[in-house]
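This report concerns only the one structure given below.
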Amino acid sequence: MLRLPDFTYIRPRTLAEAAGVLQELGAEAMAVAGGTDVYPKMKRGQFTPRYLVSLSRVEEHRGIRREEARGLWIGAGETLTAVAGHATVRREFPALAAAAGLVSTLQLRNAGTIGGNLFVDTRCNYYDQSFFWRQAVGFCLKKDGDICLVAPKSRVCLAICSSDTAPVLSSLGAEAVLVSARGNRRVPLETLYRDDGIDYLAKRPDELLQGVWIPESSFGWRNVYLKLRRRGSFDFPVLGVAAALRLGAAGACEAVRIVLTAVASAPKVVEDAPRVLCGKPVDAAAIEEAAELAMRVSHPLDNADMDYWYRKRMTRVYVTRALRQLAEVGATTAGPDAAPV
Amino acid sequence: MADDYRVIGTPVIRPDGAEMISGQAIYAPDVTQPGMLWGKILRSPLPHARVRSIDVEKARALPGVTVISARDVPDRRYGYAIEDEQIFAVEKVLYAGEPVAAAAAPDEERALEALSLIEVEYEELPAVFTAAEAARDGAPLVHEELGPARSVYLASWNPVHGTNIIHQASHHRGDVDAALARADYVFEDTFHASQIHHGYMEPHATLAAARGNEVTVWTCSQEVFQLRTLLAGLFAIPESRMRVINTKVGGGFGGKIEPRLEPVAVALSMHSRKPVKIVMTRAEEFTAAAGSTPATVRVKTGVMKDGTLAARDIDFLWDTGAHAEGLPPSNRAMKDGNGPYRVHDLRISSTLVYTNKMRGTQLRGLGVPEGAFAIESQMDMIAERLGMDPLELRLKNILQEGDINSIDDVVQSIGLQECLESVAREIGWDEPKPPNVGRGLAVIAKSPTTHSSISSAYVQFNEDGSAQVLVGASEIGQGMSVVMCQIAAEVLGLPMEQVGIASADTGTTPYDRGTFSSRVTFYTGMAVKIAAEDARNQLLDVASRMVEIPRDDLGVAEEQVVSSAHPEFSLTFREVLERAHTSERPILGRGSYGGKGDYPTLPHKVQRKEYVPGWKYAAQAVEAEIDEETGIVRVRRIASAHDVGKSLNPTSVDGQIIGGVVMGLGYALHERLQFDQGRIINPSFMDYKIPSSQEIPEITPIAVEVPLPEGPFGAKGIGELAIVGIAPAIGNAIHDALGVRLRDLPLFPERVLDAMESQRKGKP
């Protein structure tokens, strides 16, 4: 097997302490929670930290709890298994239970955290390779090289957002709580993503995610997550559709959010969806129009499994299915995985 | 089928199962030796380049490190099929991943550090990446000259010198052109089977120890004797000084037949005078071990209006990569390419070409999957055109007892029709279907191994009356050990727990050609049966002398020597063996089987001198649901019926069928080695997609028993065929559901949608 390189392992007891260490050590340090992405990437030389700042002893980023008037708090250190199995999550936010439950495999969900999945590194066929492979082909923009191997003319890295939970929490209007030596801040989760495969997070490296709030106002929204991948387990999304909508008493759509994953370096909000869906019943014509819009803003590239034209076309199919489910059956239980199961 | 066997035919759980699933079993990567070094291999980053220079001096300066490259090892070529490989690249590298140098050090980190200090200067050369490109006139040559290369596999090796064509073979019977001209319909279609990986869980691993004037190699191999011969020849030492010991093997599937790490490990150990262990990383497995040998197959079939097959002309183009390990599958297509059909006028041609990629080698089914995808897909296309039921078309044309097959053998002991009818029944062939659900069939056959296929066995009695089986065949996870013990237990009148087995150690076990081509149950099984009979007879001889009853009046039952003529008398095995071990001689039974024409019980008039019994037949059926909007295929059920002759251990037979079907499912739907300019871009189990438990449907294994008189208790092999028919059966089910035909594997959803679009636009 590939060898894990030497590193110094630091285990602070609080997030503030961890943030302080990260600030002090700078670019040579990296935070690690579940480690399901960090360690394999260190073995392949994609991550080359000298110091790992472990969050394993930290307690304040744990817990999932409902607070009246504030919403649902999900600590970033909770495992994906814990999130997927939590009763309130399953009842109110089946899309999140589904997304967390569809990440990789059970073993990795038992170790991997929701925080890790929200900030998971962007992926690309030319980047997610061993050091030997990348050296042989020529290093790419994202690590050690100066050219994008997917689109040599591109000046930005085109690695794709591969989080299942980020589009869902964005669609639910979640807010992130970040801790750093310079203080805490609370921001809408979606503002933390940038459409750049390298600098894909709009946060400083020494800022740590304590957790997310799903606001009280998102309770009662119907929500669903559909995931496209080759197999029914293990695989990262090559397309994910998170949709959430609020229906009025008369059956008209009052509010809607559709967020795609794996079609850009950041979760992609379908900005125009409310324009075509709100203020009327969610009927076939409206769904078709919204799905068409979503497909138009979906720009998968030839850097992941499944052909890019196919993933683009599936955007329409998956958005249609997601909206149909929301319109027809309301808040669904675990969204069905689209891969053959 | 009623019989009075005690152990044969009863389900037996393998005795080493608990050890395997609890992590206690010792596989090749687990082996250690005192003072051992770790070896690592420096591999070419380029698919085709001249090696200008290799400078290992800086690496050698590291303390405790041994570094070797081409100039430090014997300048000899090797290879089982064609001798076209050397331990390290000499003048050129032929694929990205070829070994260029190697280092051994007390730990892996230092070995890797040594590799990083080796300086290699390359001059990149134009390369060829597809068989079609490589076969063209003027294509860059992978091997510039075959020079001293020779084939040890084929008497009639037929390369085209000055090209990348390493072998051409053809088989011609009757007058194909005239028969095609007479046919009512002629179908011509081209199919493409992708390259897949064996996907064994245990990576290649070897520990070599050169001590004194002996070399011992612990490795995971399907053929330890072939390997010993090759290593002894390569390093010019007698086979008596080269011992190959097989560890438990965590899956082979054809990927552990030919040498991989062994020559490098032996060379490093000879240089360092310390044991050296090398374990491949998973990335190395996908980059530098081997995959299947992919093929483009053009099939032309003439058919009469009533559905009778009139003639066939099949053309295979195989891509073997940088080394000609694809020769066995390409050559066997002469026998197997036509499938289990009665076609008199037949022409099969096969061309094997080199490309600048990781080699293709043998993989479960040995060339049959590539041909069967073409033949079985086209059979359904024929049925559609003729307005016939695909089941009926097959029943009309499949081989039956007494028919003459593609290579002029008389067909014997065939249970194919029963296989086909049973899978059709199991899948509900005639039952109504929900929308977007289709069903598909495939019938398949594989020829037996050829006359170089020989096995031998010893069966010896221990002092306490229990027995030990020694065979040279490899246990690679298929359950050979339990079946060999069953055979011996049956013959010796012992319960299963009284029979032990040791296998695949050239220092202690007798010669066996190895574990490949579904041959062990048949050949090694017969050798064990003969050896056990010999041991039993020797035991009875001793007993006969002890009690003065003629041997012919004695028999064995329940660990005792008994006599129906003298019911009052009995002797325990232990009593007889005490006599044998103290005042006569220990009992060692000997058996061997195989070879040219050595089958005295053949019931049929055999037309050819080199006739070998044991063709394997199977039929498979699937039911799949296809999502019209996404093209995603969900297989709902699979039935797989195999003509096994006699099911010696139903548990093992079920396991082999289910395992093969799952592998076939990956081959059909998900798996392919994906290349970009000759480099594999999915070299991990993350990106190379074998089926997960989520993809595996309900599988019904069926054993059809038409005894083969030459096999042990009537048995045939079962190892390979279950992979073969799944891809065409699913392709046929997709057509049944949606009316579209896919000609390329894997049957990706993208391709299903593409085909639906073409159909809407009226393209073929």
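Residue names in the structure tokens use chain letters A, B, ... in the order shown, residue numbers from 1 in each chain, and ligand numbers from 1 in the order shown.
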Exercise. So which residues touch Val244 in chain B within 9 Å, counting only C-alpha atoms, skipping near sequence neighbours fewer than 5 positions away, as a PyMOL selection string?
Worked result: chain B and resi 215-219+224-225+227-228+504-507
Problem set entry | Check: which chain B residues lie within 6 Å of chain A using only C-alpha atoms, as JSON, numbers by chain | {"B": [45, 281, 634, 694, 695]}
For this session: Excluding range 35-40 of chain A and residues on its chain fewer than 6 positions from it, collect all residues at most 9 Å away from it, counting only C-alpha atoms, and give them as a list in words.
Result: Leu2, Leu4, Gln46, Phe47, Ser54, Leu108, Arg109, Ala111, Gly112, Thr113, Gly116, Val120 and Asp121 of chain A
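Atom pair CA of Ile407 in chain B / CA of Asp175 in chain B: separated by 15.2 Å.
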For this session: Within 10 Å of Glu123 in chain B, counting only C-alpha atoms, which residues show up once you throw out same-chain ones fewer than 6 positions away? Write them as a PyMOL selection string, please.
Result: chain B and resi 46+48-53+92-93
Exercise. Pick from B:Gly762, B:Gly479, B:Gly199, B:Gly97: nearest to Tyr688 in chain B, with only C-alpha atoms counted?
Worked result: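 The closest residue to Tyr688 in chain B is B:Gly199.
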For this session: Counting only C-alpha atoms, figure out which residue out of A:Ala76, A:Met42, A:Ala181, A:Ala95 gets nearest to Val168 in chain A.
Result: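 Looking at the shortest contact to Val168 in chain A, the residue is A:Ala95.
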Problem set entry | Nearby residues (only C-alpha atoms) at most 6 Å from Gly631 in chain B, same-chain spacing under 5 positions excluded, as a PyMOL selection string | chain B and resi 749+752-753
For this session: Might you pull out every residue within 12 Å of Asn158 in chain B, with only C-alpha atoms counted and same-chain residues fewer than 3 positions away left off, and present them as a list in words?
Result: Ile82, Leu146, Arg150, Ser151, Tyr153, Leu154, Ala155, His161, Ile165, Ile166, His167, Gln168, Ala169, Ser170, Leu327, Asn331, Ser350, Thr351, Leu352 and Val353 of chain B
Dump of N, CA, C and O atoms for the selected residues, as a compact mmCIF listing (two decimals), in the first residue's frame:
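The result, stored in out.txt:
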```
# COMPACT_ATOMS: atom_id res chain seq x y z
N ILE B 82 5.31 -15.88 -25.30
CA ILE B 82 6.39 -15.43 -26.17
C ILE B 82 7.46 -14.86 -25.24
O ILE B 82 7.15 -14.10 -24.32
N LEU B 146 11.70 -8.77 -33.06
CA LEU B 146 11.40 -9.84 -32.13
C LEU B 146 12.68 -10.58 -31.77
O LEU B 146 12.78 -11.21 -30.74
N ARG B 150 11.05 -16.12 -28.70
CA ARG B 150 10.52 -17.36 -29.23
C ARG B 150 9.25 -17.69 -28.46
O ARG B 150 9.02 -17.18 -27.37
N SER B 151 8.44 -18.53 -29.07
CA SER B 151 7.23 -18.94 -28.39
C SER B 151 7.45 -20.29 -27.75
O SER B 151 7.87 -21.23 -28.40
N TYR B 153 4.88 -21.53 -26.17
CA TYR B 153 3.48 -21.94 -26.02
C TYR B 153 2.98 -22.64 -27.27
O TYR B 153 2.20 -23.56 -27.23
N LEU B 154 3.46 -22.15 -28.42
CA LEU B 154 2.90 -22.60 -29.68
C LEU B 154 3.94 -23.26 -30.56
O LEU B 154 5.05 -22.76 -30.72
N ALA B 155 3.55 -24.38 -31.14
CA ALA B 155 4.44 -25.00 -32.12
C ALA B 155 4.40 -24.16 -33.40
O ALA B 155 5.42 -23.97 -34.07
N HIS B 161 6.68 -10.34 -39.13
CA HIS B 161 7.88 -9.59 -38.79
C HIS B 161 7.84 -8.18 -39.38
O HIS B 161 7.28 -7.97 -40.45
N ILE B 165 2.19 -7.02 -35.35
CA ILE B 165 1.36 -8.24 -35.27
C ILE B 165 2.21 -9.38 -34.74
O ILE B 165 3.15 -9.84 -35.40
N ILE B 166 1.88 -9.81 -33.55
CA ILE B 166 2.71 -10.81 -32.88
C ILE B 166 2.24 -12.22 -33.18
O ILE B 166 2.99 -13.17 -33.12
N HIS B 167 0.98 -12.35 -33.54
CA HIS B 167 0.49 -13.69 -33.87
C HIS B 167 -0.77 -13.59 -34.72
O HIS B 167 -1.65 -12.79 -34.44
N GLN B 168 -0.80 -14.45 -35.75
CA GLN B 168 -2.02 -14.58 -36.55
C GLN B 168 -2.38 -16.05 -36.59
O GLN B 168 -1.50 -16.89 -36.79
N ALA B 169 -3.63 -16.33 -36.37
CA ALA B 169 -4.05 -17.73 -36.43
C ALA B 169 -5.35 -17.80 -37.21
O ALA B 169 -6.11 -16.82 -37.25
N SER B 170 -5.60 -18.93 -37.84
CA SER B 170 -6.90 -19.08 -38.48
C SER B 170 -7.32 -20.54 -38.47
O SER B 170 -6.49 -21.45 -38.36
N LEU B 327 -1.63 -14.02 -25.95
CA LEU B 327 -1.59 -15.07 -26.95
C LEU B 327 -2.53 -16.24 -26.64
O LEU B 327 -3.26 -16.68 -27.51
N ASN B 331 -5.38 -17.31 -29.26
CA ASN B 331 -5.25 -18.57 -29.98
C ASN B 331 -6.43 -19.51 -29.70
O ASN B 331 -6.89 -20.22 -30.57
N SER B 350 -7.75 -14.71 -36.20
CA SER B 350 -7.43 -14.01 -34.97
C SER B 350 -6.08 -13.33 -35.13
O SER B 350 -5.12 -13.95 -35.57
N THR B 351 -6.04 -12.06 -34.79
CA THR B 351 -4.80 -11.29 -34.91
C THR B 351 -4.50 -10.65 -33.57
O THR B 351 -5.37 -10.00 -32.98
N LEU B 352 -3.28 -10.84 -33.12
CA LEU B 352 -2.87 -10.29 -31.81
C LEU B 352 -1.82 -9.22 -32.07
O LEU B 352 -0.82 -9.49 -32.73
N VAL B 353 -2.05 -8.01 -31.54
CA VAL B 353 -1.07 -6.94 -31.79
C VAL B 353 -0.57 -6.32 -30.49
O VAL B 353 -1.26 -6.25 -29.49
```
Exercise. Could you name the residues that touch range 471-478 of chain B at 7 Å or less, counting only C-alpha atoms, but leaving out those on the same chain fewer than 6 positions away, as a ChimeraX atom specification?
Worked result: /B:222-223,248-252,456-458,502-505,509-512,514-515,656
For this session: Could you please write out, as an MDAnalysis selection string, every residue of range 48-284 of chain A that DSSP assigns to helix (DSSP H, G or I)?
Result: chainID A and resid 80:85 87:92 94:101 106:111 114:118 131:137 165:171 189:192 216:218 273:277 284
For this session: Once DSSP has gone over the backbone, tell me which residues of range 161-320 of chain A are in strand (DSSP E), as a PyMOL selection string.
Result: chain A and resi 175-180+183-188+208-214+222-228+239-247+253-261+268-269
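Take the candidates A:Ile10, A:Leu15, A:Leu260, A:Ala31 and check each one against Asn184 in chain A using only C-alpha atoms; the shortest distance goes to A:Leu15.
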